$ cat input-v8.tsv   # TSV, C-alpha atoms
chain	number	residue	atom	x	y	z
A	1	MET	CA	99.58	22.35	-2.32
A	2	GLN	CA	98.09	20.62	-5.33
A	3	LEU	CA	96.26	21.90	-8.39
A	4	GLU	CA	93.42	20.08	-10.01
A	5	CYS	CA	91.85	20.49	-13.42
A	6	ARG	CA	88.08	20.63	-13.62
A	7	TYR	CA	85.20	21.40	-15.94
A	8	TRP	CA	82.29	23.67	-15.14
A	9	LEU	CA	79.04	23.69	-17.06
A	10	ILE	CA	76.88	26.75	-16.56
A	11	ALA	CA	73.79	28.16	-18.16
A	12	SER	CA	73.94	31.87	-18.84
A	13	GLY	CA	72.43	34.75	-20.78
A	14	ASN	CA	70.66	34.52	-24.07
A	15	LEU	CA	72.40	31.34	-25.11
A	16	LYS	CA	71.06	29.33	-22.20
A	17	ASN	CA	74.73	28.60	-21.72
A	18	ILE	CA	75.96	26.02	-19.35
A	19	GLY	CA	79.30	26.92	-17.90
A	20	THR	CA	81.24	23.84	-17.11
A	21	SER	CA	84.36	24.07	-15.17
A	22	ARG	CA	86.60	21.11	-15.01
A	23	ASN	CA	89.90	20.90	-13.20
A	24	ARG	CA	92.02	18.97	-15.54
A	25	ASN	CA	95.26	18.79	-17.39
A	26	ARG	CA	94.24	20.13	-20.79
A	27	HIS	CA	92.37	17.43	-22.60
A	28	ALA	CA	91.24	19.98	-24.74
A	29	PRO	CA	102.16	23.30	-37.88
A	30	ASP	CA	106.73	24.82	-45.76
A	31	ASP	CA	110.08	25.17	-45.53
A	32	THR	CA	111.65	28.38	-46.81
A	33	ASP	CA	114.89	26.48	-47.27
A	34	SER	CA	114.98	24.18	-50.24
A	35	ASP	CA	116.84	21.52	-48.28
A	36	ALA	CA	113.94	20.90	-45.93
A	37	GLU	CA	112.53	17.44	-46.36
A	38	GLU	CA	108.90	16.66	-47.01
A	39	LEU	CA	107.91	13.09	-46.38
A	40	GLY	CA	104.98	11.71	-48.30
A	41	ALA	CA	103.76	8.35	-47.02
A	42	ASP	CA	101.31	6.21	-48.92
A	43	CYS	CA	98.80	4.75	-46.46
A	44	ASP	CA	98.97	1.43	-48.28
A	45	GLY	CA	102.73	1.35	-47.88
A	46	SER	CA	103.31	1.60	-51.60
A	47	SER	CA	105.67	4.54	-51.51
A	48	ILE	CA	107.45	7.00	-49.28
A	49	SER	CA	109.44	9.80	-50.81
A	50	ALA	CA	111.61	12.66	-49.61
A	51	VAL	CA	111.50	15.77	-51.77
A	52	SER	CA	112.42	19.39	-51.42
A	53	ASP	CA	110.07	21.93	-49.91
A	54	THR	CA	109.09	25.28	-51.25
A	55	SER	CA	108.15	28.17	-49.03
A	56	GLU	CA	104.56	26.97	-49.10
A	57	GLY	CA	105.36	23.39	-48.27
A	58	SER	CA	104.59	21.93	-51.70
A	59	SER	CA	106.83	19.54	-53.59
A	60	ALA	CA	109.09	21.27	-56.06
A	61	SER	CA	112.47	21.11	-57.72
A	62	ALA	CA	115.32	19.45	-55.86
A	63	ALA	CA	117.64	22.32	-56.78
A	64	ALA	CA	118.90	24.30	-53.81
A	65	ASP	CA	117.57	27.80	-53.31
A	66	THR	CA	120.44	30.20	-52.74
A	67	SER	CA	118.41	33.37	-52.67
A	68	ASP	CA	118.87	33.82	-48.94
A	69	GLN	CA	122.59	33.00	-48.93
A	70	SER	CA	125.45	35.42	-49.35
A	71	TRP	CA	128.21	34.97	-51.97
A	72	GLY	CA	130.68	34.16	-49.23
A	73	SER	CA	128.56	31.28	-47.95
A	74	GLN	CA	128.89	29.44	-51.28
A	75	GLY	CA	131.76	27.22	-52.28
A	76	TYR	CA	133.39	26.40	-55.64
A	77	ASN	CA	132.29	23.13	-57.25
A	78	PRO	CA	135.02	21.75	-59.56
A	79	ASP	CA	132.61	19.15	-61.00
A	80	ASN	CA	130.25	21.82	-62.28
A	81	PRO	CA	131.11	22.57	-65.95
A	82	ASN	CA	129.60	26.04	-65.62
A	83	ARG	CA	131.82	26.68	-62.61
A	84	LYS	CA	128.85	27.84	-60.58
A	85	LEU	CA	129.18	28.04	-56.83
A	86	THR	CA	127.55	25.31	-54.75
A	87	PRO	CA	125.77	26.67	-51.67
A	88	LYS	CA	126.95	25.51	-48.29
A	89	ARG	CA	124.33	23.95	-46.10
A	90	THR	CA	123.52	25.64	-42.83
A	91	PRO	CA	123.60	23.57	-39.62
A	92	GLU	CA	119.79	23.71	-39.50
A	93	GLN	CA	119.56	22.31	-43.05
A	94	LYS	CA	121.95	19.49	-42.23
A	95	TRP	CA	120.09	18.53	-39.07
A	96	ALA	CA	116.67	18.69	-40.77
A	97	ARG	CA	117.95	16.46	-43.59
A	98	LEU	CA	119.26	13.97	-41.03
A	99	PHE	CA	116.00	14.01	-39.03
A	100	ASN	CA	113.86	13.43	-42.12
A	101	THR	CA	116.18	10.71	-43.43
A	102	ILE	CA	115.82	8.87	-40.12
A	103	LEU	CA	112.07	9.47	-40.17
A	104	LEU	CA	111.82	8.10	-43.70
A	105	ALA	CA	113.76	4.93	-42.84
A	106	MET	CA	111.92	4.35	-39.58
A	107	CYS	CA	108.49	4.93	-41.19
A	108	MET	CA	109.20	2.18	-43.69
A	109	ALA	CA	110.22	-0.22	-40.91
A	110	TYR	CA	107.40	0.96	-38.67
A	111	LYS	CA	104.70	-0.05	-41.16
A	112	ALA	CA	105.81	-3.67	-40.91
A	113	THR	CA	105.12	-3.81	-37.15
A	114	PHE	CA	102.23	-1.32	-36.76
A	115	PRO	CA	100.39	-1.38	-34.39
A	116	ASN	CA	102.33	-3.96	-32.36
A	117	HIS	CA	105.10	-3.19	-29.89
A	118	SER	CA	108.66	-4.24	-30.60
A	119	PRO	CA	112.10	-3.62	-29.08
A	120	THR	CA	112.60	-0.91	-31.71
A	121	TYR	CA	109.17	0.65	-31.12
A	122	PRO	CA	108.38	0.16	-27.40
A	123	PHE	CA	106.08	3.20	-27.23
A	124	GLU	CA	102.33	3.24	-27.72
A	125	PRO	CA	101.70	3.20	-31.50
A	126	ALA	CA	100.48	6.19	-33.48
A	127	ASP	CA	96.77	6.86	-33.77
A	128	HIS	CA	96.75	5.75	-37.40
A	129	LYS	CA	99.15	4.00	-39.76
A	130	CYS	CA	99.36	6.79	-42.32
A	131	LEU	CA	101.68	9.41	-40.81
A	132	HIS	CA	101.89	12.98	-42.07
A	133	TRP	CA	104.65	14.36	-39.85
A	134	GLN	CA	107.64	16.25	-41.18
A	135	TRP	CA	110.69	17.95	-39.68
A	136	SER	CA	110.48	21.34	-41.31
A	137	LEU	CA	112.66	24.43	-41.74
A	138	GLN	CA	109.72	26.59	-42.77
A	139	PHE	CA	110.17	29.05	-39.93
A	140	CYS	CA	113.96	28.94	-39.63
A	141	ASN	CA	114.34	32.24	-41.53
A	142	VAL	CA	110.75	33.49	-41.50
A	143	SER	CA	109.10	34.13	-38.16
A	144	ILE	CA	105.75	32.59	-37.27
A	145	LEU	CA	103.00	35.16	-37.52
A	146	ASP	CA	101.97	36.27	-34.05
A	147	VAL	CA	100.72	39.63	-32.82
A	148	THR	CA	102.49	39.36	-29.47
A	149	ASN	CA	105.88	37.80	-30.20
A	150	ILE	CA	108.24	37.24	-33.15
A	151	GLN	CA	109.98	33.88	-33.01
A	152	LYS	CA	111.80	31.75	-35.61
A	153	PRO	CA	112.13	28.13	-34.42
A	154	ASP	CA	115.00	26.30	-36.11
A	155	ILE	CA	113.37	22.93	-36.88
A	156	VAL	CA	109.73	22.10	-36.16
A	157	LEU	CA	107.71	18.89	-36.30
A	158	LEU	CA	104.32	19.40	-37.91
A	159	ASN	CA	101.65	17.90	-40.12
A	160	HIS	CA	102.62	18.80	-43.69
A	161	ASP	CA	99.01	18.33	-44.86
A	162	VAL	CA	97.74	21.23	-42.75
A	163	GLN	CA	97.75	24.74	-44.25
A	164	PRO	CA	98.41	27.42	-43.15
A	165	LYS	CA	100.65	26.72	-40.20
A	166	ASP	CA	101.16	28.63	-36.96
A	167	TRP	CA	101.91	27.97	-33.30
A	168	GLY	CA	98.66	26.02	-33.09
A	169	HIS	CA	100.02	23.32	-35.42
A	170	ILE	CA	103.57	22.75	-34.16
A	171	LEU	CA	104.05	19.52	-32.22
A	172	THR	CA	107.60	20.16	-31.05
A	173	CYS	CA	110.70	22.02	-32.16
A	174	VAL	CA	114.48	21.62	-31.96
A	175	GLU	CA	116.70	24.65	-31.34
A	176	ILE	CA	120.34	24.44	-32.46
A	177	THR	CA	123.27	26.44	-31.11
A	178	GLU	CA	127.05	26.27	-30.84
A	179	SER	CA	126.91	27.64	-27.30
A	180	ASP	CA	127.10	25.35	-24.29
A	181	LEU	CA	123.75	25.40	-22.50
A	182	GLY	CA	125.16	23.28	-19.70
A	183	THR	CA	127.56	26.01	-18.55
A	184	ASP	CA	125.58	29.16	-19.34
A	185	HIS	CA	121.81	29.37	-18.88
A	186	SER	CA	121.87	33.04	-19.88
A	187	ILE	CA	122.46	32.29	-23.56
A	188	PRO	CA	119.58	33.29	-25.88
A	189	LEU	CA	118.66	29.66	-26.56
A	190	PHE	CA	117.45	29.14	-23.00
A	191	ASN	CA	114.92	31.98	-23.06
A	192	SER	CA	114.05	31.27	-26.68
A	193	VAL	CA	112.97	27.69	-25.92
A	194	ILE	CA	110.84	28.84	-22.99
A	195	THR	CA	109.15	31.50	-25.14
A	196	LYS	CA	108.39	29.03	-27.93
A	197	GLY	CA	106.99	26.54	-25.45
A	198	TYR	CA	104.74	29.21	-23.99
A	199	LEU	CA	103.46	30.22	-27.44
A	200	MET	CA	102.70	26.59	-28.28
A	201	MET	CA	100.79	26.04	-25.06
A	202	ARG	CA	98.95	29.33	-25.44
A	203	GLU	CA	97.71	28.37	-28.92
A	204	GLN	CA	97.13	24.72	-27.98
A	205	PRO	CA	95.52	24.85	-24.52
A	206	TRP	CA	94.26	21.29	-24.97
A	207	ARG	CA	97.82	19.99	-24.48
A	208	ARG	CA	98.66	18.75	-21.01
A	209	PHE	CA	102.35	19.48	-21.50
A	210	ILE	CA	104.87	20.59	-24.12
A	211	VAL	CA	108.26	18.97	-24.85
A	212	LEU	CA	110.88	20.83	-26.86
A	213	PHE	CA	114.51	19.99	-27.57
A	214	SER	CA	117.82	21.77	-28.00
A	215	LEU	CA	121.12	20.71	-29.52
A	216	ALA	CA	123.91	22.70	-27.90
A	217	VAL	CA	127.39	21.69	-29.09
A	218	ASN	CA	126.02	18.20	-29.91
A	219	HIS	CA	124.48	17.91	-26.46
A	220	LEU	CA	120.79	17.01	-26.55
A	221	HIS	CA	118.49	18.54	-23.94
A	222	ALA	CA	114.77	17.96	-23.48
A	223	HIS	CA	112.76	20.95	-22.20
A	224	TYR	CA	109.53	19.84	-20.55
A	225	MET	CA	106.84	22.44	-19.74
A	226	ASP	CA	103.46	22.10	-18.04
A	227	HIS	CA	101.23	24.25	-15.83
A	228	SER	CA	103.55	23.71	-12.86
A	229	GLY	CA	106.75	24.86	-14.51
A	230	LEU	CA	109.79	23.74	-16.50
A	231	ILE	CA	112.16	20.77	-16.34
A	232	ILE	CA	115.40	20.56	-18.37
A	233	THR	CA	117.09	17.19	-18.66
A	234	HIS	CA	120.78	16.55	-18.21
A	235	PRO	CA	122.66	16.79	-21.55
A	236	ILE	CA	123.30	13.73	-23.67
A	237	LEU	CA	126.30	13.83	-26.02
A	238	ILE	CA	124.76	12.40	-29.19
A	239	THR	CA	128.11	11.73	-30.87
A	240	ALA	CA	128.79	9.21	-28.11
A	241	ASN	CA	125.15	8.10	-27.74
A	242	PRO	CA	123.53	8.36	-31.20
A	243	THR	CA	120.78	5.91	-30.30
A	244	HIS	CA	119.37	8.43	-27.82
A	245	LEU	CA	118.83	10.89	-30.67
A	246	VAL	CA	117.16	8.21	-32.80
A	247	ASN	CA	114.96	7.19	-29.87
A	248	MET	CA	113.87	10.80	-29.41
A	249	LEU	CA	113.06	11.18	-33.10
A	250	ASN	CA	111.14	7.88	-33.17
A	251	THR	CA	109.12	8.72	-30.08
A	252	MET	CA	108.15	12.19	-31.29
A	253	SER	CA	107.58	11.20	-34.93
A	254	LEU	CA	105.96	7.77	-34.61
A	255	GLY	CA	104.42	7.72	-31.14
A	256	ASN	CA	100.83	8.17	-30.10
A	257	SER	CA	99.41	11.69	-29.72
A	258	LYS	CA	99.82	11.28	-25.96
A	259	VAL	CA	103.59	11.86	-26.33
A	260	TYR	CA	102.73	15.42	-27.37
A	261	GLY	CA	100.62	15.91	-24.24
A	262	MET	CA	97.30	15.87	-26.09
A	263	ASP	CA	94.21	15.65	-23.92
A	264	PRO	CA	92.59	12.30	-24.83
A	265	THR	CA	89.13	13.52	-23.76
A	266	MET	CA	88.97	16.11	-26.53
A	267	HIS	CA	89.93	16.48	-30.17
A	268	MET	CA	90.69	19.62	-32.18
A	269	CYS	CA	89.94	19.15	-35.87
A	270	ASN	CA	92.11	20.15	-38.82
A	271	GLU	CA	92.42	19.37	-42.54
A	272	SER	CA	93.68	15.83	-41.88
A	273	CYS	CA	90.64	14.80	-39.82
A	274	GLU	CA	88.69	13.69	-42.88
A	275	ASP	CA	91.18	10.86	-43.32
A	276	MET	CA	90.45	9.75	-39.75
A	277	GLN	CA	86.68	10.03	-40.27
A	278	CYS	CA	86.30	12.72	-37.64
A	279	LYS	CA	82.89	14.19	-38.39
A	280	VAL	CA	81.72	17.11	-36.28
A	281	GLY	CA	79.60	18.91	-38.87
A	282	ASP	CA	79.91	22.36	-40.39
A	283	GLN	CA	78.94	24.15	-37.19
A	284	ALA	CA	81.65	22.73	-34.92
A	285	ILE	CA	85.43	22.88	-34.72
A	286	SER	CA	86.03	19.93	-32.39
A	287	TRP	CA	84.53	17.79	-29.64
A	288	ILE	CA	85.07	17.19	-25.94
A	289	GLU	CA	83.83	14.51	-23.54
A	290	ASP	CA	81.58	15.24	-20.59
A	291	LYS	CA	81.44	13.46	-17.27
A	292	GLN	CA	79.50	10.54	-18.78
A	293	ARG	CA	81.95	10.28	-21.72
A	294	GLN	CA	79.35	11.72	-24.09
A	295	LYS	CA	80.72	13.96	-26.83
A	296	LEU	CA	79.92	17.66	-26.70
A	297	LEU	CA	80.55	19.62	-29.91
A	298	ILE	CA	82.75	22.70	-29.55
A	299	ILE	CA	81.29	25.51	-31.64
A	300	SER	CA	83.92	28.13	-30.86
A	301	MET	CA	86.53	29.26	-28.36
A	302	LEU	CA	85.09	32.10	-26.30
A	303	TRP	CA	88.07	33.07	-24.15
A	304	ARG	CA	91.45	31.81	-22.96
A	305	SER	CA	94.01	33.03	-20.48
A	306	GLN	CA	97.41	34.15	-21.73
A	307	GLY	CA	99.52	32.84	-18.86
A	308	LEU	CA	101.33	29.53	-18.54
A	309	LEU	CA	101.85	29.08	-14.81
A	310	SER	CA	98.89	29.23	-12.44
A	311	HIS	CA	96.58	29.81	-15.39
A	312	GLY	CA	95.39	27.68	-18.28
A	313	ASN	CA	91.74	28.68	-18.22
A	314	ILE	CA	89.75	28.42	-21.42
A	315	CYS	CA	86.03	28.78	-22.19
A	316	TYR	CA	84.27	27.00	-25.04
A	317	HIS	CA	80.87	27.51	-26.63
A	318	ILE	CA	79.50	23.97	-26.85
A	319	ARG	CA	76.39	22.07	-27.94
A	320	ASP	CA	75.13	18.73	-26.67
A	321	LYS	CA	73.48	15.96	-28.70
A	322	ASP	CA	70.06	17.56	-28.22
A	323	GLY	CA	71.25	20.86	-29.67
A	324	VAL	CA	71.26	22.73	-26.34
A	325	LYS	CA	74.08	25.27	-26.13
A	326	TYR	CA	76.26	25.83	-23.09
A	327	THR	CA	79.47	27.46	-21.97
A	328	LEU	CA	82.21	25.07	-20.83
A	329	LYS	CA	85.07	26.27	-18.66
A	330	ASP	CA	88.24	24.17	-18.63
A	331	CYS	CA	90.86	25.08	-16.04
A	332	TRP	CA	93.91	24.04	-14.03
A	333	VAL	CA	93.66	24.83	-10.32
A	334	ASP	CA	95.30	24.21	-6.96
A	335	GLU	CA	93.89	21.25	-5.08
A	336	ALA	CA	92.88	23.46	-2.17
A	337	LYS	CA	90.83	25.67	-4.51
A	338	LYS	CA	89.44	23.17	-6.96
A	339	ASP	CA	85.90	23.27	-5.53
A	340	HIS	CA	85.86	26.97	-4.70
A	341	GLU	CA	84.23	28.29	-7.87
A	342	GLU	CA	81.50	25.70	-8.07
A	343	LYS	CA	80.61	26.25	-4.42
A	344	VAL	CA	80.22	29.97	-5.08
A	345	LEU	CA	78.01	29.28	-8.08
A	346	GLU	CA	75.87	26.95	-6.00
A	347	ILE	CA	75.41	29.69	-3.42
A	348	VAL	CA	74.29	32.28	-6.01
A	349	GLN	CA	72.06	29.80	-7.83
A	350	GLY	CA	68.83	31.43	-8.97
A	351	ILE	CA	69.98	35.06	-8.81
A	352	PRO	CA	68.93	36.90	-12.01
A	353	ASN	CA	71.66	37.58	-14.60
A	354	VAL	CA	74.06	35.17	-12.90
A	355	VAL	CA	75.21	32.05	-14.70
A	356	THR	CA	73.65	28.75	-13.65
A	357	LEU	CA	75.95	25.87	-12.79
A	358	ILE	CA	74.80	22.68	-14.52
A	359	ALA	CA	77.68	20.28	-13.80
A	360	ALA	CA	81.30	20.17	-12.66
A	361	TRP	CA	83.81	17.34	-12.84
A	362	ASP	CA	87.49	16.45	-12.66
A	363	VAL	CA	89.24	15.52	-15.86
A	364	GLU	CA	90.52	11.96	-15.72
A	365	TYR	CA	93.56	10.51	-17.43
A	366	GLU	CA	94.08	6.72	-17.41
A	367	GLY	CA	91.50	6.36	-14.66
A	368	GLU	CA	92.97	8.99	-12.32
A	369	SER	CA	92.31	12.66	-11.79
A	370	ASP	CA	94.59	14.46	-14.18
A	371	SER	CA	97.27	16.59	-12.55
A	372	THR	CA	100.79	17.83	-13.15
A	373	LEU	CA	101.95	15.44	-10.43
A	374	HIS	CA	100.37	12.56	-12.34
A	375	ILE	CA	102.30	13.63	-15.43
A	376	ARG	CA	105.57	13.91	-13.52
A	377	ASN	CA	105.17	10.80	-11.35
A	378	HIS	CA	108.09	9.13	-13.16
A	379	HIS	CA	110.35	12.05	-12.27
A	380	SER	CA	112.11	10.99	-9.07
A	381	LYS	CA	113.07	14.47	-7.89
A	382	LEU	CA	110.66	17.40	-7.65
A	383	SER	CA	111.60	20.98	-6.92
A	384	PRO	CA	110.77	22.22	-3.40
A	385	SER	CA	108.73	24.97	-5.04
A	386	PHE	CA	106.70	22.50	-7.13
A	387	CYS	CA	102.98	23.17	-6.95
A	388	CYS	CA	100.73	20.43	-8.28
A	389	LYS	CA	97.82	21.56	-10.42
A	390	TYR	CA	94.71	19.54	-11.16
A	391	HIS	CA	92.82	19.61	-14.43

$ encode --input "input-v8.tsv" --output "structure tokens"
Amino acid sequence: MQLECRYWLIASGNLKNIGTSRNRNRHAPDDTDSDAEELGADCDGSSISAVSDTSEGSSASAAADTSDQSWGSQGYNPDNPNRKLTPKRTPEQKWARLFNTILLAMCMAYKATFPNHSPTYPFEPADHKCLHWQWSLQFCNVSILDVTNIQKPDIVLLNHDVQPKDWGHILTCVEITESDLGTDHSIPLFNSVITKGYLMMREQPWRRFIVLFSLAVNHLHAHYMDHSGLIITHPILITANPTHLVNMLNTMSLGNSKVYGMDPTMHMCNESCEDMQCKVGDQAISWIEDKQRQKLLIISMLWRSQGLLSHGNICYHIRDKDGVKYTLKDCWVDEAKKDHEEKVLEIVQGIPNVVTLIAAWDVEYEGESDSTLHIRNHHSKLSPSFCCKYH
């Protein structure tokens, strides 16, 4: 059985709404620790700097903040004339410093080749040369505000220009543990990664998939999640294969937005959009393409489902170029049921107080109907319980 993602456009109620349903894979982020790195990149390539982060993500003193560390976690520094204790770095601080150091070095090299491919950068280039990503510890000790769940991801990748930050801004995260995930899937890390992936997809329904990572006893795992389920890769020992870690960091930090599973037929605006000349006006929050590739302005998000599997429905209040307002439904569905809702709406067409179907279409990705099978087509082995969903 396969699931397909489609749009439905329907006219309803006082808004003359058009509800559009489309079966598609959704086309539709400082650091509390002072050792977190903030990377500032000059778009002209004139400078890139790594400085310490404050709790609000702004550049500040490079001195370490020991307010959240106990006396026993600090060590004696014989070179300090005042004989003050030097704080020990936590594993998360060490890893974040390494990630941002690699990002800094690769950004400088990346500018020389952008936007061309090279053996070092074989992936599709970033959407623009001026990158704003940062591996941040902002939520390592302070949970992300959420009314349903309290989670503290260890290291997150986000846009440091966007304020404030929540699950709707995180691109990926890396969880770190000294437990062996390969021998015990009951450890807290396993469920923690799944929960964080769900929260990211819930707040970013325009992402076709989510990829998170874990470092368990120096073994790197990728955790892939979409509307058909979860895939965990075999572990890679990064001490024996350090290039695999660098490749992961390069792909996630320097690659095109497609590596984050972003739906290319829609765009959600944030504070950095002005740099990319994304103009949607004061009355819109984003845009989405219709069947004819015309942009429809998204005025607001009316409703979204809370589930991950077998769900993914979201309704937008939209406006076309003529100013006519509609309701657009974006959903992931089984192939056998992808036309069910539009057929029902066609049958009840004209009945008072019932929405009017205007248009329905499949979401396409690279010329094909978008589906979880399309996303996973490079994965040679699928679970017997795999159920393909179409967008």

$ residues_near_point --input "input-v8.tsv" --point "(116.9, 26.1, -36.0)" --cutoff "12 Å" --atoms "only C-alpha atoms" --output "PyMOL selection string"
chain A and resi 31+33+36+90-96+135-143+151-157+173-178+189+192-193+213-216

$ closest_residue --input "input-v8.tsv" --among "A:Thr265, A:Asn191, A:Gly229, A:Asn100" --to "A:Glu366" --atoms "all atoms listed in the file"
A:Thr265

$ atom_distance --input "input-v8.tsv" --atom1 "atom CA of A:Gln163" --atom2 "atom CA of A:Ala105"
25.5 Å

$ axis_aligned_box --input "input-v8.tsv" --around "stretch 143-161 of chain A" --padding-each-side "4 Å" --output "JSON"
{"center_x": 107.0, "center_y": 28.8, "center_z": -37.2, "size_x": 24.0, "size_y": 29.7, "size_z": 23.4}

$ closest_residue --input "input-v8.tsv" --among "A:Lys88, A:Lys389, A:His317, A:Lys165" --to "A:Met301" --atoms "all atoms listed in the file"
A:His317

$ closest_atom_pairs --input "input-v8.tsv" --of "stretch 158-209 of chain A" --to "stretch 267-270 of chain A" --cutoff "10 Å" --atoms "only C-alpha atoms" --output "Markdown table"
| residue | atom | partner | partner_atom | distance |
| --- | --- | --- | --- | --- |
| A:Asn159 | CA | A:Asn270 | CA | 9.9 |
| A:Asp161 | CA | A:Asn270 | CA | 9.3 |
| A:Val162 | CA | A:Asn270 | CA | 7.0 |
| A:Gln163 | CA | A:Asn270 | CA | 9.1 |
| A:His169 | CA | A:Asn270 | CA | 9.2 |
| A:Gln204 | CA | A:Met268 | CA | 9.2 |
| A:Trp206 | CA | A:Met268 | CA | 8.2 |

$ atom_distance --input "input-v8.tsv" --atom1 "atom CA of A:Asn116" --atom2 "atom CA of A:Leu98"
26.1 Å

$ atom_distance --input "input-v8.tsv" --atom1 "atom CA of A:Ala360" --atom2 "atom CA of A:Leu345"
10.7 Å

$ residues_near_point --input "input-v8.tsv" --point "(82.4, 28.5, -34.8)" --cutoff "6 Å" --atoms "only C-alpha atoms" --output "list in words"
Ala284, Ile299 and Ser300 of chain A

$ write_last_selection --input "input-v8.tsv" --atoms "C-alpha atoms" --output "short mmCIF file (atom, residue, chain, number, x, y, z; two decimals), keeping the file's coordinate frame"
data_model
loop_
_atom_site.label_atom_id
_atom_site.label_comp_id
_atom_site.auth_asym_id
_atom_site.auth_seq_id
_atom_site.Cartn_x
_atom_site.Cartn_y
_atom_site.Cartn_z
CA ALA A 284 81.65 22.73 -34.92
CA ILE A 299 81.29 25.51 -31.64
CA SER A 300 83.92 28.13 -30.86
#

$ closest_residue --input "input-v8.tsv" --among "A:Val211, A:Val355, A:Cys331, A:Cys388" --to "A:Ser371" --atoms "all atoms listed in the file"
A:Cys388

$ residues_around --input "input-v8.tsv" --residues "A:Gly197" --least-positions-apart "3" --cutoff "9 Å" --atoms "only C-alpha atoms" --output "PyMOL selection string"
chain A and resi 172-173+192-194+200-202+210-212+223-225

$ closest_residue --input "input-v8.tsv" --among "A:Val217, A:Ala222, A:Leu171, A:Val280" --to "A:Asp320" --atoms "all atoms listed in the file"
A:Val280

$ residues_around --input "input-v8.tsv" --residues "A:Arg304" --least-positions-apart "6" --cutoff "9 Å" --atoms "all atoms listed in the file" --output "ChimeraX atom specification"
/A:202,205,312-316

$ residues_around --input "input-v8.tsv" --residues "A:Lys291" --least-positions-apart "3" --cutoff "9 Å" --atoms "all atoms listed in the file" --output "VMD selection string"
chain A and resid 7 294 359 to 363

$ write_last_selection --input "input-v8.tsv" --atoms "C-alpha atoms" --output "PDB file, keeping the file's coordinate frame"
ATOM      1  CA  TYR A   7      85.200  21.400 -15.940  1.00  0.00           C
ATOM      2  CA  GLN A 294      79.350  11.720 -24.090  1.00  0.00           C
ATOM      3  CA  ALA A 359      77.680  20.280 -13.800  1.00  0.00           C
ATOM      4  CA  ALA A 360      81.300  20.170 -12.660  1.00  0.00           C
ATOM      5  CA  TRP A 361      83.810  17.340 -12.840  1.00  0.00           C
ATOM      6  CA  ASP A 362      87.490  16.450 -12.660  1.00  0.00           C
ATOM      7  CA  VAL A 363      89.240  15.520 -15.860  1.00  0.00           C
TER       8      VAL A 363
END

$ closest_residue --input "input-v8.tsv" --among "A:Ile358, A:Ile102, A:Ala336, A:Ile144" --to "A:Met248" --atoms "all atoms listed in the file"
A:Ile102

$ residues_around --input "input-v8.tsv" --residues "stretch 237-244 of chain A" --least-positions-apart "6" --cutoff "9 Å" --atoms "only C-alpha atoms" --output "list of chain:residue names"
A:Val217, A:Asn218, A:His219, A:Leu220
